[in-house]
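Below is one structure, written out as structure tokens; the observations come after it.
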Amino acid sequence: RKKIIIWSVQRNRGLQDTLDMWIKFVYPKNKDAMLYIFGINKKDYSQKISFYKRYNIFFLDRVSKIKLRNVYSKSLGMIYLGYDETFCLNALEGNSCGLPVFTFGKTALDELIHDKKNGLISNDFSQLGFNLNKFLNSDLAIRKRYIKNSYNYSKKYTLDKIANHWIK
């Protein structure tokens, strides 16, 4: 897999801090890593798109689920801060594609993401940058363990299991 990290949250709360963290902490140590931003209004960043490209940050318009799944399958992880989420479906979708989630563990992510299993929980943006670098530079065996754990954890939320839970 390429060193691609995904942001696919439609709200941009924390995005500017994430972009700054990427430029300050991740890019200098992982010049081949890429950050793909999906789901936000690209016009908000149109003045700086060429600036961000220098740091391998790419803004993409909304895409089909098939295209999104295709990019997920080529990626290594997902940044999902989770400031104001009630369930965090994007994080679960990422896990179901084998993407560990890099988060602050707030809101429902506190229950969905288990530190050092299906993601990494950070306390602030500098620690988030540290965790991303550590993960991006880790052995393939370690990354594969995260991928497997993420995928296996997502099976807890299959349609059959959730439907049966709601029926009961």
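In the structure tokens, each chain is lettered A, B, ... as it comes, each chain's residues begin at 1, and ligands are numbered from 1 in order of appearance.
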Open item on the list: Based on the backbone DSSP call, show me all residues of stretch 50-139 of chain A assigned helix (DSSP H, G or I), as a PyMOL selection string.
Closed with: chain A and resi 50-53+65-73+89-96+109-112+125-136
- [ ] Just list the residues in chain A DSSP gives strand (DSSP E) on the backbone, as a VMD selection string.
- [x] chain A and resid 4 to 7 34 to 37 57 to 59 77 to 79 101 to 103 119 to 121
For the residues in that selection, give me C-alpha atoms as a PDB file, in the first residue's frame.
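The result, stored in out-v8.pdb:
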```pdb
ATOM      1  CA  ILE A   4      -1.876   7.450   1.996  1.00  0.00           C
ATOM      2  CA  ILE A   5      -3.810   8.801   4.953  1.00  0.00           C
ATOM      3  CA  ILE A   6      -7.474   9.763   4.529  1.00  0.00           C
ATOM      4  CA  TRP A   7      -9.646  12.545   5.959  1.00  0.00           C
ATOM      5  CA  MET A  34       0.030  11.706   1.146  1.00  0.00           C
ATOM      6  CA  LEU A  35      -3.007  13.150   2.883  1.00  0.00           C
ATOM      7  CA  TYR A  36      -6.246  12.944   0.898  1.00  0.00           C
ATOM      8  CA  ILE A  37      -9.051  15.228   2.054  1.00  0.00           C
ATOM      9  CA  ILE A  57      -2.007  17.214   0.707  1.00  0.00           C
ATOM     10  CA  PHE A  58      -4.724  16.727  -1.889  1.00  0.00           C
ATOM     11  CA  PHE A  59      -8.298  17.990  -1.779  1.00  0.00           C
ATOM     12  CA  GLY A  77      -5.073   4.891   7.793  1.00  0.00           C
ATOM     13  CA  MET A  78      -7.689   7.516   8.494  1.00  0.00           C
ATOM     14  CA  ILE A  79      -7.598  10.689  10.561  1.00  0.00           C
ATOM     15  CA  VAL A 101      -8.181   5.357  12.797  1.00  0.00           C
ATOM     16  CA  PHE A 102      -6.007   8.138  14.207  1.00  0.00           C
ATOM     17  CA  THR A 103      -8.141  10.102  16.630  1.00  0.00           C
ATOM     18  CA  GLY A 119      -6.286   2.819  15.744  1.00  0.00           C
ATOM     19  CA  LEU A 120      -4.175   5.202  17.755  1.00  0.00           C
ATOM     20  CA  ILE A 121      -5.589   7.715  20.208  1.00  0.00           C
TER      21      ILE A 121
END
```
Task: Distance criterion (only C-alpha atoms): nearest to A:His114 out of A:Gln127, A:Ser46, A:Asn56, A:Ser154 - done: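 For A:His114, the nearest of the given residues is A:Ser154.
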Open item on the list: List as an MDAnalysis selection string the protein and nucleic acid residues near stretch 16-29 of chain A, meaning an atom at most 9 Å away when only C-alpha atoms are counted, but skip any in the same chain fewer than 2 places from it.
Closed with: chainID A and resid 12:14 31:35 52 55:57 79 125:126 128:130 132:133
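Using only C-alpha atoms for every distance, the candidate list A:Asn164, A:Ser122, A:Asn90, A:Asn30 yields A:Asn90 as the residue closest to A:Gln10.
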Task: Pairwise distance for atom CA of A:Gly98 and atom CA of A:Ser150, rounded to one decimal in Å - done: 5.1 Å
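Taking atom CA of A:Leu92 as the reference point, atom CA of A:Tyr157 is found at 8.2 Å.
Among the candidates A:Tyr80, A:Tyr151, A:Phe38, A:Phe51, the residue lying nearest to A:Leu68 is A:Phe38 (atoms considered: only C-alpha atoms).
Distances here use only C-alpha atoms; by that measure, the residue among A:Val71, A:Ile142, A:Tyr45, A:Lys155 closest to A:Leu112 is A:Lys155.
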Task: Between atom CA of A:Leu159 and atom CA of A:Tyr83, distance in Å (one decimal) - done: 25.9 Å
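Proximity to A:Asn118 was assessed for A:Ser75, A:Asn131, A:Ser96, A:Asn149 counting only C-alpha atoms; the smallest distance is recorded for A:Asn149.
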TODO: Might you pull out every residue within 8 Å of A:Ser73, with only C-alpha atoms counted and same-chain residues fewer than 3 positions away left off, and present them as a PyMOL selection string?
DONE: chain A and resi 69-70+97-98
Open item on the list: Under the rule that only C-alpha atoms are counted, which of A:Lys106, A:Lys116, A:Lys168, A:Lys74 is the nearest residue to A:Gly94?
Closed with: A:Lys74
